[in-house]
$ cat work_17.cif   # mmCIF, C-alpha atoms (C1' of nucleotides)
data_my_file
loop_
_atom_site.group_PDB
_atom_site.id
_atom_site.type_symbol
_atom_site.label_atom_id
_atom_site.label_comp_id
_atom_site.auth_asym_id
_atom_site.auth_seq_id
_atom_site.Cartn_x
_atom_site.Cartn_y
_atom_site.Cartn_z
ATOM 1 C CA MET E 39 20.714 -65.143 69.153
ATOM 2 C CA ARG E 40 22.660 -62.515 71.040
ATOM 3 C CA GLU E 41 24.688 -60.956 68.311
ATOM 4 C CA ARG E 42 28.255 -60.342 69.342
ATOM 5 C CA ALA E 43 29.500 -56.817 69.153
ATOM 6 C CA ASP E 44 31.941 -55.958 66.420
ATOM 7 C CA VAL E 45 34.358 -53.674 68.124
ATOM 8 C CA SER E 46 37.763 -52.523 67.120
ATOM 9 C CA LEU E 47 39.707 -50.432 69.576
ATOM 10 C CA SER E 48 43.009 -48.606 69.603
ATOM 11 C CA GLU E 49 45.829 -49.787 71.797
ATOM 12 C CA LEU E 50 45.129 -47.005 74.264
ATOM 13 C CA GLN E 51 41.428 -47.711 74.377
ATOM 14 C CA ILE E 52 42.197 -51.347 75.047
ATOM 15 C CA ALA E 53 44.409 -50.308 77.916
ATOM 16 C CA LEU E 54 41.455 -48.470 79.461
ATOM 17 C CA MET E 55 39.171 -51.405 78.862
ATOM 18 C CA ARG E 56 41.625 -53.764 80.491
ATOM 19 C CA VAL E 57 41.199 -51.911 83.735
ATOM 20 C CA LEU E 58 37.436 -52.233 83.503
ATOM 21 C CA TRP E 59 37.604 -55.871 82.507
ATOM 22 C CA ARG E 60 39.821 -56.624 85.452
ATOM 23 C CA ARG E 61 37.937 -54.614 88.059
ATOM 24 C CA GLY E 62 34.424 -54.975 86.801
ATOM 25 C CA GLU E 63 33.594 -51.428 87.700
ATOM 26 C CA ALA E 64 35.965 -48.542 88.172
ATOM 27 C CA SER E 65 35.810 -44.821 88.722
ATOM 28 C CA THR E 66 37.573 -42.358 86.501
ATOM 29 C CA ALA E 67 40.087 -41.905 89.275
ATOM 30 C CA ASP E 68 40.754 -45.644 89.462
ATOM 31 C CA VAL E 69 41.437 -45.878 85.775
ATOM 32 C CA ALA E 70 43.429 -42.666 85.777
ATOM 33 C CA ALA E 71 45.562 -43.895 88.636
ATOM 34 C CA GLU E 72 46.644 -46.950 86.677
ATOM 35 C CA LEU E 73 47.133 -45.173 83.404
ATOM 36 C CA SER E 74 48.900 -42.158 84.769
ATOM 37 C CA GLY E 75 51.338 -44.533 86.356
ATOM 38 C CA GLU E 76 52.187 -46.632 83.341
ATOM 39 C CA ARG E 77 51.782 -44.007 80.643
ATOM 40 C CA GLY E 78 51.808 -40.641 82.318
ATOM 41 C CA LEU E 79 48.344 -39.658 81.189
ATOM 42 C CA LYS E 80 46.588 -36.793 82.938
ATOM 43 C CA HIS E 81 43.328 -37.437 84.743
ATOM 44 C CA THR E 82 41.398 -35.218 82.396
ATOM 45 C CA THR E 83 42.721 -37.186 79.464
ATOM 46 C CA VAL E 84 41.452 -40.391 80.947
ATOM 47 C CA ALA E 85 38.103 -38.785 81.689
ATOM 48 C CA THR E 86 37.820 -37.669 78.078
ATOM 49 C CA LEU E 87 38.674 -41.119 76.836
ATOM 50 C CA LEU E 88 36.092 -42.757 79.054
ATOM 51 C CA THR E 89 33.420 -40.294 78.001
ATOM 52 C CA ARG E 90 34.116 -41.098 74.388
ATOM 53 C CA LEU E 91 33.941 -44.814 74.974
ATOM 54 C CA GLU E 92 30.621 -44.264 76.676
ATOM 55 C CA LYS E 93 29.290 -42.230 73.774
ATOM 56 C CA ARG E 94 30.390 -45.031 71.524
ATOM 57 C CA GLY E 95 28.505 -47.550 73.593
ATOM 58 C CA VAL E 96 31.342 -49.834 74.625
ATOM 59 C CA VAL E 97 31.150 -48.879 78.282
ATOM 60 C CA ALA E 98 28.308 -47.829 80.556
ATOM 61 C CA GLN E 99 28.506 -45.036 83.039
ATOM 62 C CA ARG E 100 26.773 -44.888 86.392
ATOM 63 C CA ARG E 101 26.733 -42.000 88.793
ATOM 64 C CA GLU E 102 27.695 -42.508 92.411
ATOM 65 C CA GLY E 103 27.512 -39.176 94.175
ATOM 66 C CA ARG E 104 29.918 -36.918 92.355
ATOM 67 C CA GLN E 105 31.792 -39.727 90.784
ATOM 68 C CA LEU E 106 31.197 -41.668 87.638
ATOM 69 C CA LEU E 107 31.659 -45.401 87.647
ATOM 70 C CA TYR E 108 32.292 -47.220 84.448
ATOM 71 C CA ARG E 109 31.906 -50.807 83.406
ATOM 72 C CA ALA E 110 32.563 -52.532 80.121
ATOM 73 C CA LEU E 111 29.663 -53.341 77.846
ATOM 74 C CA VAL E 112 31.701 -55.512 75.536
ATOM 75 C CA ALA E 113 33.588 -58.571 76.649
ATOM 76 C CA GLU E 114 37.283 -58.911 76.094
ATOM 77 C CA SER E 115 36.583 -62.020 74.074
ATOM 78 C CA ASP E 116 34.375 -60.039 71.717
ATOM 79 C CA VAL E 117 37.080 -57.503 71.117
ATOM 80 C CA ARG E 118 39.590 -60.260 70.590
ATOM 81 C CA ARG E 119 37.312 -62.022 68.200
ATOM 82 C CA SER E 120 36.613 -59.062 65.997
ATOM 83 C CA MET E 121 40.090 -57.636 66.046
ATOM 84 C CA VAL E 122 41.773 -60.947 65.315
ATOM 85 C CA ALA E 123 39.294 -61.543 62.532
ATOM 86 C CA GLY E 124 40.061 -58.104 61.159
ATOM 87 C CA LEU E 125 43.768 -58.724 61.153
ATOM 88 C CA VAL E 126 43.456 -62.169 59.652
ATOM 89 C CA GLY E 127 41.189 -60.778 56.984
ATOM 90 C CA ALA E 128 43.460 -57.901 56.122
ATOM 91 C CA LEU E 129 46.841 -59.574 56.271
ATOM 92 C CA PHE E 130 46.341 -63.319 55.945
ATOM 93 C CA ALA E 131 43.661 -63.563 53.307
ATOM 94 C CA GLY E 132 41.189 -64.585 55.981
ATOM 95 C CA ASP E 133 43.054 -67.792 56.664
ATOM 96 C CA ALA E 134 43.955 -68.104 60.316
ATOM 97 C CA ARG E 135 46.268 -71.010 59.595
ATOM 98 C CA GLN E 136 48.553 -68.595 57.812
ATOM 99 C CA LEU E 137 48.666 -66.530 60.939
ATOM 100 C CA VAL E 138 49.830 -69.495 62.957
ATOM 101 C CA ALA E 139 52.379 -70.302 60.267
ATOM 102 C CA HIS E 140 53.610 -66.735 60.602
ATOM 103 C CA LEU E 141 53.930 -67.102 64.357
ATOM 104 C CA LEU E 142 56.015 -70.216 63.917
ATOM 105 C CA GLN E 143 58.193 -68.640 61.273
ATOM 106 C CA GLU E 144 58.833 -65.586 63.349
ATOM 107 C CA SER E 145 59.498 -67.698 66.382
ATOM 108 C CA GLU E 146 56.735 -66.044 68.303
ATOM 109 C CA ILE E 147 55.743 -69.528 69.302
ATOM 110 C CA ALA E 148 57.623 -72.814 69.365
ATOM 111 C CA PRO E 149 56.442 -75.992 67.670
ATOM 112 C CA GLY E 150 56.140 -77.583 71.083
ATOM 113 C CA ASP E 151 53.597 -74.971 72.087
ATOM 114 C CA LEU E 152 51.245 -76.246 69.435
ATOM 115 C CA ALA E 153 51.390 -79.765 70.757
ATOM 116 C CA GLU E 154 50.739 -78.531 74.244
ATOM 117 C CA LEU E 155 47.786 -76.422 73.184
ATOM 118 C CA LYS E 156 46.317 -79.315 71.310
ATOM 119 C CA ARG E 157 46.633 -81.557 74.325
ATOM 120 C CA ARG E 158 45.097 -78.957 76.556
ATOM 121 C CA LEU E 159 42.193 -78.474 74.229
ATOM 122 C CA ALA E 160 41.560 -82.201 74.035
ATOM 123 C CA ARG E 161 41.612 -82.442 77.799
ATOM 124 C CA GLU E 162 39.199 -79.564 78.173
ATOM 125 C CA ARG E 163 36.864 -81.033 75.591
ATOM 126 C CA ARG E 164 36.806 -84.266 77.511
ATOM 127 C CA ASP E 165 36.363 -82.695 80.913
ATOM 128 C CA GLU E 166 33.514 -80.356 80.211
ATOM 129 C CA MET X 110 71.730 -55.430 61.083
ATOM 130 C CA ARG X 111 69.038 -54.144 58.763
ATOM 131 C CA GLU X 112 66.467 -52.958 61.211
ATOM 132 C CA ARG X 113 62.978 -54.011 60.240
ATOM 133 C CA ALA X 114 60.423 -51.303 59.751
ATOM 134 C CA ASP X 115 57.727 -50.955 62.348
ATOM 135 C CA VAL X 116 54.662 -50.210 60.321
ATOM 136 C CA SER X 117 51.050 -50.354 61.232
ATOM 137 C CA LEU X 118 48.531 -49.750 58.466
ATOM 138 C CA SER X 119 44.782 -49.471 58.217
ATOM 139 C CA GLU X 120 42.780 -52.085 56.391
ATOM 140 C CA LEU X 121 42.418 -49.806 53.395
ATOM 141 C CA GLN X 122 46.082 -48.962 53.297
ATOM 142 C CA ILE X 123 46.876 -52.653 53.382
ATOM 143 C CA ALA X 124 44.573 -53.175 50.434
ATOM 144 C CA LEU X 125 46.612 -50.647 48.468
ATOM 145 C CA MET X 126 49.856 -52.222 49.540
ATOM 146 C CA ARG X 127 48.641 -55.642 48.501
ATOM 147 C CA VAL X 128 48.440 -54.450 44.932
ATOM 148 C CA LEU X 129 51.996 -53.170 45.097
ATOM 149 C CA TRP X 130 53.251 -56.294 46.792
ATOM 150 C CA ARG X 131 51.678 -58.429 44.117
ATOM 151 C CA ARG X 132 52.714 -56.381 41.114
ATOM 152 C CA GLY X 133 56.031 -55.024 42.296
ATOM 153 C CA GLU X 134 55.395 -51.688 40.669
ATOM 154 C CA ALA X 135 52.070 -50.179 39.728
ATOM 155 C CA SER X 136 50.733 -46.905 38.455
ATOM 156 C CA THR X 137 48.017 -44.972 40.221
ATOM 157 C CA ALA X 138 45.669 -46.139 37.508
ATOM 158 C CA ASP X 139 46.594 -49.791 38.081
ATOM 159 C CA VAL X 140 45.880 -49.551 41.764
ATOM 160 C CA ALA X 141 42.761 -47.489 41.201
ATOM 161 C CA ALA X 142 41.440 -50.017 38.715
ATOM 162 C CA GLU X 143 41.608 -52.805 41.272
ATOM 163 C CA LEU X 144 40.287 -50.787 44.158
ATOM 164 C CA SER X 145 37.507 -49.072 42.281
ATOM 165 C CA GLY X 146 36.317 -52.481 41.277
ATOM 166 C CA GLU X 147 36.248 -54.122 44.687
ATOM 167 C CA ARG X 148 35.422 -51.080 46.790
ATOM 168 C CA GLY X 149 34.118 -48.399 44.472
ATOM 169 C CA LEU X 150 36.829 -45.916 45.289
ATOM 170 C CA LYS X 151 37.357 -42.993 42.948
ATOM 171 C CA HIS X 152 40.680 -42.603 41.206
ATOM 172 C CA THR X 153 41.448 -39.385 42.977
ATOM 173 C CA THR X 154 40.891 -41.089 46.293
ATOM 174 C CA VAL X 155 43.428 -43.726 45.428
ATOM 175 C CA ALA X 156 45.858 -41.075 44.245
ATOM 176 C CA THR X 157 45.495 -39.258 47.561
ATOM 177 C CA LEU X 158 46.054 -42.435 49.503
ATOM 178 C CA LEU X 159 49.188 -43.292 47.540
ATOM 179 C CA THR X 160 50.575 -39.810 47.994
ATOM 180 C CA ARG X 161 50.101 -40.088 51.710
ATOM 181 C CA LEU X 162 51.790 -43.457 51.869
ATOM 182 C CA GLU X 163 54.675 -41.946 49.955
ATOM 183 C CA LYS X 164 54.932 -39.045 52.358
ATOM 184 C CA ARG X 165 54.963 -41.546 55.146
ATOM 185 C CA GLY X 166 57.789 -43.431 53.548
ATOM 186 C CA VAL X 167 56.179 -46.822 53.108
ATOM 187 C CA VAL X 168 56.134 -46.618 49.314
ATOM 188 C CA ALA X 169 58.408 -44.960 46.779
ATOM 189 C CA GLN X 170 57.220 -43.021 43.819
ATOM 190 C CA ARG X 171 58.899 -42.829 40.425
ATOM 191 C CA ARG X 172 57.870 -40.714 37.501
ATOM 192 C CA GLU X 173 57.382 -42.277 34.099
ATOM 193 C CA GLY X 174 56.247 -39.584 31.703
ATOM 194 C CA ARG X 175 53.087 -38.153 33.159
ATOM 195 C CA GLN X 176 52.420 -41.128 35.305
ATOM 196 C CA LEU X 177 53.609 -42.013 38.750
ATOM 197 C CA LEU X 178 54.719 -45.526 39.474
ATOM 198 C CA TYR X 179 54.717 -46.783 43.003
ATOM 199 C CA ARG X 180 56.466 -49.624 44.708
ATOM 200 C CA ALA X 181 56.410 -50.811 48.283
ATOM 201 C CA LEU X 182 59.271 -49.915 50.567
ATOM 202 C CA VAL X 183 58.180 -52.239 53.333
ATOM 203 C CA ALA X 184 57.724 -55.957 52.904
ATOM 204 C CA GLU X 185 54.453 -57.635 53.656
ATOM 205 C CA SER X 186 56.243 -59.766 56.213
ATOM 206 C CA ASP X 187 57.373 -56.634 58.050
ATOM 207 C CA VAL X 188 53.849 -55.328 58.252
ATOM 208 C CA ARG X 189 52.633 -58.702 59.410
ATOM 209 C CA ARG X 190 55.314 -58.898 62.000
ATOM 210 C CA SER X 191 54.677 -55.532 63.531
ATOM 211 C CA MET X 192 50.932 -55.651 63.358
ATOM 212 C CA VAL X 193 50.671 -59.130 64.791
ATOM 213 C CA ALA X 194 53.076 -58.132 67.525
ATOM 214 C CA GLY X 195 50.942 -55.093 68.231
ATOM 215 C CA LEU X 196 47.783 -57.115 68.512
ATOM 216 C CA VAL X 197 49.387 -59.780 70.659
ATOM 217 C CA GLY X 198 50.801 -57.097 72.887
ATOM 218 C CA ALA X 199 47.531 -55.247 73.263
ATOM 219 C CA LEU X 200 45.105 -58.129 73.596
ATOM 220 C CA PHE X 201 47.037 -61.220 74.641
ATOM 221 C CA ALA X 202 49.491 -59.847 77.140
ATOM 222 C CA GLY X 203 52.271 -60.314 74.636
ATOM 223 C CA ASP X 204 51.867 -64.070 74.679
ATOM 224 C CA ALA X 205 51.310 -65.426 71.186
ATOM 225 C CA ARG X 206 50.294 -68.807 72.572
ATOM 226 C CA GLN X 207 47.172 -67.194 73.954
ATOM 227 C CA LEU X 208 46.379 -66.005 70.466
ATOM 228 C CA VAL X 209 46.569 -69.541 69.141
ATOM 229 C CA ALA X 210 44.438 -70.727 72.024
ATOM 230 C CA HIS X 211 41.916 -68.094 71.054
ATOM 231 C CA LEU X 212 41.914 -69.284 67.451
ATOM 232 C CA LEU X 213 41.216 -72.820 68.604
ATOM 233 C CA GLN X 214 38.489 -71.736 70.960
ATOM 234 C CA GLU X 215 36.772 -69.659 68.345
ATOM 235 C CA SER X 216 37.131 -72.442 65.821
ATOM 236 C CA GLU X 217 39.096 -70.241 63.499
ATOM 237 C CA ILE X 218 41.428 -73.167 63.174
ATOM 238 C CA ALA X 219 41.007 -76.888 63.834
ATOM 239 C CA PRO X 220 43.279 -78.917 66.081
ATOM 240 C CA GLY X 221 44.318 -80.885 63.035
ATOM 241 C CA ASP X 222 45.680 -77.750 61.429
ATOM 242 C CA LEU X 223 48.212 -77.440 64.189
ATOM 243 C CA ALA X 224 49.529 -80.908 63.588
ATOM 244 C CA GLU X 225 49.786 -80.232 59.926
ATOM 245 C CA LEU X 226 51.612 -76.974 60.414
ATOM 246 C CA LYS X 227 54.014 -78.616 62.763
ATOM 247 C CA ARG X 228 54.735 -81.347 60.272
ATOM 248 C CA ARG X 229 55.234 -78.864 57.505
ATOM 249 C CA LEU X 230 57.597 -76.807 59.575
ATOM 250 C CA ALA X 231 59.662 -79.849 60.477
ATOM 251 C CA ARG X 232 59.870 -80.835 56.839
ATOM 252 C CA GLU X 233 60.966 -77.364 55.813
ATOM 253 C CA ARG X 234 63.570 -77.256 58.532
ATOM 254 C CA ARG X 235 64.984 -80.520 57.320
ATOM 255 C CA ASP X 236 64.947 -79.614 53.642
ATOM 256 C CA GLU X 237 66.607 -76.267 53.723
ATOM 257 C "C1'" DC W 6 44.352 -27.745 15.251
ATOM 258 C "C1'" DG W 7 40.357 -28.074 18.523
ATOM 259 C "C1'" DT W 8 38.296 -31.216 21.677
ATOM 260 C "C1'" DT W 9 38.159 -34.799 24.836
ATOM 261 C "C1'" DT W 10 40.406 -37.704 27.999
ATOM 262 C "C1'" DT W 11 43.862 -38.620 31.480
ATOM 263 C "C1'" DC W 12 46.803 -37.576 35.252
ATOM 264 C "C1'" DT W 13 48.596 -35.245 38.998
ATOM 265 C "C1'" DA W 14 48.491 -31.485 42.472
ATOM 266 C "C1'" DC W 15 45.938 -29.131 45.698
ATOM 267 C "C1'" DT W 16 42.163 -28.209 48.598
ATOM 268 C "C1'" DA W 17 38.295 -29.682 51.500
ATOM 269 C "C1'" DC W 18 36.008 -31.714 55.065
ATOM 270 C "C1'" DA W 19 34.020 -34.634 58.581
ATOM 271 C "C1'" DA W 20 35.324 -38.480 62.097
ATOM 272 C "C1'" DC W 21 38.160 -40.184 65.194
ATOM 273 C "C1'" DT W 22 42.430 -39.985 68.221
ATOM 274 C "C1'" DG W 23 45.679 -38.507 71.624
ATOM 275 C "C1'" DT W 24 46.344 -35.054 74.806
ATOM 276 C "C1'" DA W 25 45.074 -31.509 77.779
ATOM 277 C "C1'" DG W 26 43.497 -26.982 79.779
ATOM 278 C "C1'" DT W 27 39.717 -24.381 81.917
ATOM 279 C "C1'" DA W 28 35.563 -23.597 84.394
ATOM 280 C "C1'" DC W 29 32.542 -24.597 87.831
ATOM 281 C "C1'" DG W 30 30.054 -27.048 91.421
ATOM 282 C "C1'" DA W 31 30.435 -29.936 95.602
ATOM 283 C "C1'" DC W 32 33.092 -31.375 99.581
ATOM 284 C "C1'" DA W 33 36.518 -31.550 102.904
ATOM 285 C "C1'" DA W 34 39.741 -29.130 106.103
ATOM 286 C "C1'" DC W 35 40.621 -25.542 109.089
ATOM 287 C "C1'" DG O 205 32.578 -19.920 106.881
ATOM 288 C "C1'" DT O 206 36.554 -19.395 103.766
ATOM 289 C "C1'" DT O 207 39.625 -21.915 101.042
ATOM 290 C "C1'" DG O 208 41.564 -25.563 98.789
ATOM 291 C "C1'" DT O 209 40.724 -29.831 96.341
ATOM 292 C "C1'" DC O 210 38.417 -33.242 93.583
ATOM 293 C "C1'" DG O 211 35.648 -34.537 89.854
ATOM 294 C "C1'" DT O 212 33.055 -33.717 85.784
ATOM 295 C "C1'" DA O 213 31.728 -31.069 81.687
ATOM 296 C "C1'" DC O 214 33.163 -28.570 77.935
ATOM 297 C "C1'" DT O 215 36.399 -26.706 74.725
ATOM 298 C "C1'" DA O 216 40.623 -27.023 72.014
ATOM 299 C "C1'" DC O 217 43.781 -28.481 68.819
ATOM 300 C "C1'" DA O 218 46.857 -31.028 65.881
ATOM 301 C "C1'" DG O 219 47.422 -35.413 63.317
ATOM 302 C "C1'" DT O 220 45.398 -39.327 60.703
ATOM 303 C "C1'" DT O 221 41.926 -41.412 57.841
ATOM 304 C "C1'" DG O 222 38.372 -41.983 54.360
ATOM 305 C "C1'" DT O 223 36.544 -39.753 50.545
ATOM 306 C "C1'" DA O 224 36.434 -36.782 46.854
ATOM 307 C "C1'" DG O 225 36.065 -32.361 43.969
ATOM 308 C "C1'" DT O 226 38.494 -28.994 41.118
ATOM 309 C "C1'" DA O 227 42.099 -26.994 38.328
ATOM 310 C "C1'" DG O 228 45.459 -27.229 35.049
ATOM 311 C "C1'" DA O 229 48.788 -29.580 32.080
ATOM 312 C "C1'" DA O 230 49.616 -33.032 28.831
ATOM 313 C "C1'" DA O 231 48.449 -36.424 25.628
ATOM 314 C "C1'" DA O 232 45.377 -38.677 22.479
ATOM 315 C "C1'" DC O 233 41.704 -38.393 19.028
ATOM 316 C "C1'" DG O 234 39.484 -36.985 15.043
#
$ encode --input "work_17.cif" --output "structure tokens"
Amino acid sequence: MRERADVSLSELQIALMRVLWRRGEASTADVAAELSGERGLKHTTVATLLTRLEKRGVVAQRREGRQLLYRALVAESDVRRSMVAGLVGALFAGDARQLVAHLLQESEIAPGDLAELKRRLARERRDE
Amino acid sequence: MRERADVSLSELQIALMRVLWRRGEASTADVAAELSGERGLKHTTVATLLTRLEKRGVVAQRREGRQLLYRALVAESDVRRSMVAGLVGALFAGDARQLVAHLLQESEIAPGDLAELKRRLARERRDE
DNA sequence: CGTTTTCTACTACAACTGTAGTACGACAAC
DNA sequence: GTTGTCGTACTACAGTTGTAGTAGAAAACG
């Protein structure tokens, strides 16, 4: 059984990964272009970050002429899974229901959203 | 309007804070006793950690004879709020509903839990 | 008292992060 | 061809985190 990776990433690292998740494969320049726009990071910074992610095994690097192309080795859902589990474990005694209660209390979601999600889930269950 | 602190803590730091949140005020030894039990941390390690949290302003330190007594300066709800917001922002495009959808998909919660939470919220709204 | 225990203060140190600068080879533009 | 330019590799450096050892004062024990 393909064991799912247990990855926890920083906000910045996730931002890099998002580019790879969206594009499938991207060169350093591609990633740098997006990140220098929205966060003013220098190209070399992005290159460093990607190298580190590669060393850590969460992305793979492939050479294409002079350039390096990167692609994600962990799925976004894996990162979500492990990071949400980490947060729930650390702050909600491992009980995800408390997290949802928190979201309701803090008005991050509305009660109606729950109903809608439930309906959607039921529909999907039926359809698949 | 009392601006809420924006604190993000590591898992270990949260473990320390949990002791303070539970006990209100605790000496280094108190905290160390709990954490050396469940994680085998040395007393000096705990002392270092508490000092750092103090320097960072998330706990206050008070001297009682030779001992130092600590108490939390940020509420657990504040930490929850900012850390959940951070996670939702980084991994769910800022949309908390996607987080709940994720919890359902990963079976971290059951559809029935949503109904129950909704009921409970309605009841609380009415009662208060 | 003299000795042992208890606490805090300080120092240490390796990983990991965020952020870049520099050097150097390959390529494109003239 | 000579000269920028682009891209990668390597080095740097400060801040945070996890983890603890050591030193020195104070208190407790016998």
$ closest_atom_pairs --input "work_17.cif" --of "chain W" --to "chain X" --cutoff "12 Å" --atoms "only C-alpha atoms (C1' of nucleotides)" --output "Markdown table"
| residue | atom | partner | partner_atom | distance |
| --- | --- | --- | --- | --- |
| W:DT11 | C1' | X:Arg175 | CA | 9.4 |
| W:DC12 | C1' | X:Gln176 | CA | 6.6 |
| W:DT13 | C1' | X:Arg175 | CA | 7.9 |
| W:DA14 | C1' | X:Thr157 | CA | 9.8 |
| W:DC15 | C1' | X:Thr157 | CA | 10.3 |
| W:DT16 | C1' | X:Thr157 | CA | 11.6 |
$ residues_around --input "work_17.cif" --residues "Arg42 of chain E" --least-positions-apart "4" --cutoff "12 Å" --atoms "all atoms listed in the file" --output "PyMOL selection string"
chain E and resi 111-120
$ interface_residues --input "work_17.cif" --of "chain X" --to "chain O" --cutoff "9 Å" --atoms "all atoms listed in the file" --output "PyMOL selection string"
chain X and resi 119+121+150-151+153-154+175
$ calpha_fit_and_write --input "work_17.cif" --fixed "chain E" --moving "chain X" --output "compact mmCIF listing (two decimals) with C-alpha atoms, in the coordinates of the input"
# COMPACT_ATOMS: atom_id res chain seq x y z
CA MET X 110 20.83 -65.28 69.16
CA ARG X 111 22.70 -62.60 71.06
CA GLU X 112 24.67 -61.00 68.32
CA ARG X 113 28.25 -60.36 69.32
CA ALA X 114 29.49 -56.82 69.16
CA ASP X 115 31.93 -55.95 66.43
CA VAL X 116 34.36 -53.66 68.13
CA SER X 117 37.76 -52.53 67.11
CA LEU X 118 39.72 -50.43 69.59
CA SER X 119 43.03 -48.64 69.61
CA GLU X 120 45.84 -49.82 71.82
CA LEU X 121 45.14 -47.04 74.29
CA GLN X 122 41.45 -47.73 74.38
CA ILE X 123 42.19 -51.37 75.06
CA ALA X 124 44.40 -50.33 77.95
CA LEU X 125 41.44 -48.49 79.47
CA MET X 126 39.14 -51.41 78.87
CA ARG X 127 41.58 -53.78 80.51
CA VAL X 128 41.15 -51.93 83.76
CA LEU X 129 37.39 -52.23 83.51
CA TRP X 130 37.55 -55.86 82.52
CA ARG X 131 39.74 -56.62 85.49
CA ARG X 132 37.85 -54.60 88.07
CA GLY X 133 34.32 -54.94 86.79
CA GLU X 134 33.51 -51.38 87.70
CA ALA X 135 35.92 -48.52 88.18
CA SER X 136 35.78 -44.80 88.72
CA THR X 137 37.57 -42.34 86.49
CA ALA X 138 40.08 -41.91 89.27
CA ASP X 139 40.71 -45.66 89.47
CA VAL X 140 41.42 -45.89 85.79
CA ALA X 141 43.43 -42.69 85.79
CA ALA X 142 45.55 -43.93 88.67
CA GLU X 143 46.61 -47.00 86.72
CA LEU X 144 47.13 -45.24 83.44
CA SER X 145 48.91 -42.23 84.82
CA GLY X 146 51.33 -44.61 86.42
CA GLU X 147 52.18 -46.72 83.40
CA ARG X 148 51.80 -44.09 80.70
CA GLY X 149 51.84 -40.71 82.39
CA LEU X 150 48.39 -39.73 81.22
CA LYS X 151 46.65 -36.86 82.96
CA HIS X 152 43.38 -37.49 84.74
CA THR X 153 41.47 -35.26 82.40
CA THR X 154 42.79 -37.22 79.46
CA VAL X 155 41.48 -40.42 80.94
CA ALA X 156 38.15 -38.78 81.69
CA THR X 157 37.89 -37.67 78.06
CA LEU X 158 38.72 -41.12 76.81
CA LEU X 159 36.11 -42.75 79.04
CA THR X 160 33.47 -40.27 77.97
CA ARG X 161 34.16 -41.07 74.37
CA LEU X 162 33.96 -44.79 74.95
CA GLU X 163 30.64 -44.21 76.65
CA LYS X 164 29.34 -42.19 73.74
CA ARG X 165 30.42 -44.99 71.50
CA GLY X 166 28.52 -47.49 73.57
CA VAL X 167 31.33 -49.80 74.59
CA VAL X 168 31.15 -48.85 78.27
CA ALA X 169 28.30 -47.77 80.52
CA GLN X 170 28.50 -44.97 82.99
CA ARG X 171 26.75 -44.79 86.35
CA ARG X 172 26.74 -41.91 88.75
CA GLU X 173 27.68 -42.44 92.37
CA GLY X 174 27.55 -39.10 94.13
CA ARG X 175 29.93 -36.85 92.29
CA GLN X 176 31.81 -39.67 90.74
CA LEU X 177 31.21 -41.62 87.59
CA LEU X 178 31.62 -45.36 87.63
CA TYR X 179 32.26 -47.18 84.42
CA ARG X 180 31.86 -50.76 83.38
CA ALA X 181 32.53 -52.51 80.12
CA LEU X 182 29.64 -53.30 77.83
CA VAL X 183 31.67 -55.49 75.53
CA ALA X 184 33.56 -58.55 76.66
CA GLU X 185 37.25 -58.90 76.11
CA SER X 186 36.56 -62.03 74.11
CA ASP X 187 34.35 -60.04 71.74
CA VAL X 188 37.06 -57.51 71.13
CA ARG X 189 39.57 -60.27 70.61
CA ARG X 190 37.29 -62.03 68.23
CA SER X 191 36.59 -59.06 66.03
CA MET X 192 40.06 -57.64 66.06
CA VAL X 193 41.75 -60.94 65.33
CA ALA X 194 39.25 -61.55 62.56
CA GLY X 195 40.02 -58.11 61.18
CA LEU X 196 43.73 -58.72 61.16
CA VAL X 197 43.41 -62.17 59.66
CA GLY X 198 41.13 -60.78 57.01
CA ALA X 199 43.40 -57.89 56.13
CA LEU X 200 46.79 -59.57 56.27
CA PHE X 201 46.29 -63.31 55.94
CA ALA X 202 43.60 -63.56 53.33
CA GLY X 203 41.14 -64.59 55.99
CA ASP X 204 43.01 -67.80 56.67
CA ALA X 205 43.92 -68.10 60.34
CA ARG X 206 46.26 -71.00 59.60
CA GLN X 207 48.53 -68.58 57.79
CA LEU X 208 48.64 -66.51 60.94
CA VAL X 209 49.83 -69.49 62.94
CA ALA X 210 52.37 -70.27 60.26
CA HIS X 211 53.59 -66.72 60.58
CA LEU X 212 53.93 -67.07 64.34
CA LEU X 213 56.02 -70.19 63.88
CA GLN X 214 58.18 -68.60 61.24
CA GLU X 215 58.82 -65.53 63.31
CA SER X 216 59.50 -67.67 66.35
CA GLU X 217 56.73 -66.02 68.28
CA ILE X 218 55.75 -69.51 69.27
CA ALA X 219 57.65 -72.80 69.34
CA PRO X 220 56.47 -75.97 67.64
CA GLY X 221 56.18 -77.54 71.06
CA ASP X 222 53.62 -74.96 72.07
CA LEU X 223 51.28 -76.24 69.42
CA ALA X 224 51.44 -79.75 70.75
CA GLU X 225 50.79 -78.52 74.22
CA LEU X 226 47.83 -76.43 73.18
CA LYS X 227 46.38 -79.32 71.31
CA ARG X 228 46.71 -81.56 74.32
CA ARG X 229 45.16 -78.99 76.56
CA LEU X 230 42.25 -78.50 74.23
CA ALA X 231 41.61 -82.22 74.04
CA ARG X 232 41.67 -82.47 77.80
CA GLU X 233 39.24 -79.59 78.17
CA ARG X 234 36.92 -81.07 75.60
CA ARG X 235 36.88 -84.32 77.50
CA ASP X 236 36.41 -82.76 80.92
CA GLU X 237 33.55 -80.44 80.25
$ resolve_selection --input "work_17.cif" --expression "the PyMOL selection byres ((chain E) within 9 of (chain X))" --output "PyMOL selection string"
chain E and resi 48-50+52-53+56+114-115+117-119+121-125+127-130+133-135+137-144+146-153+155-156+159-160
$ atom_distance --input "work_17.cif" --atom1 "atom C1' of DT22 of chain W" --atom2 "atom CA of Glu92 of chain E"
15.1 Å
$ resolve_selection --input "work_17.cif" --expression "the PyMOL selection byres ((chain X and resi 128) around 12)" --output "PyMOL selection string"
chain X and resi 121-127+129-144+155+159+168+179-181+185
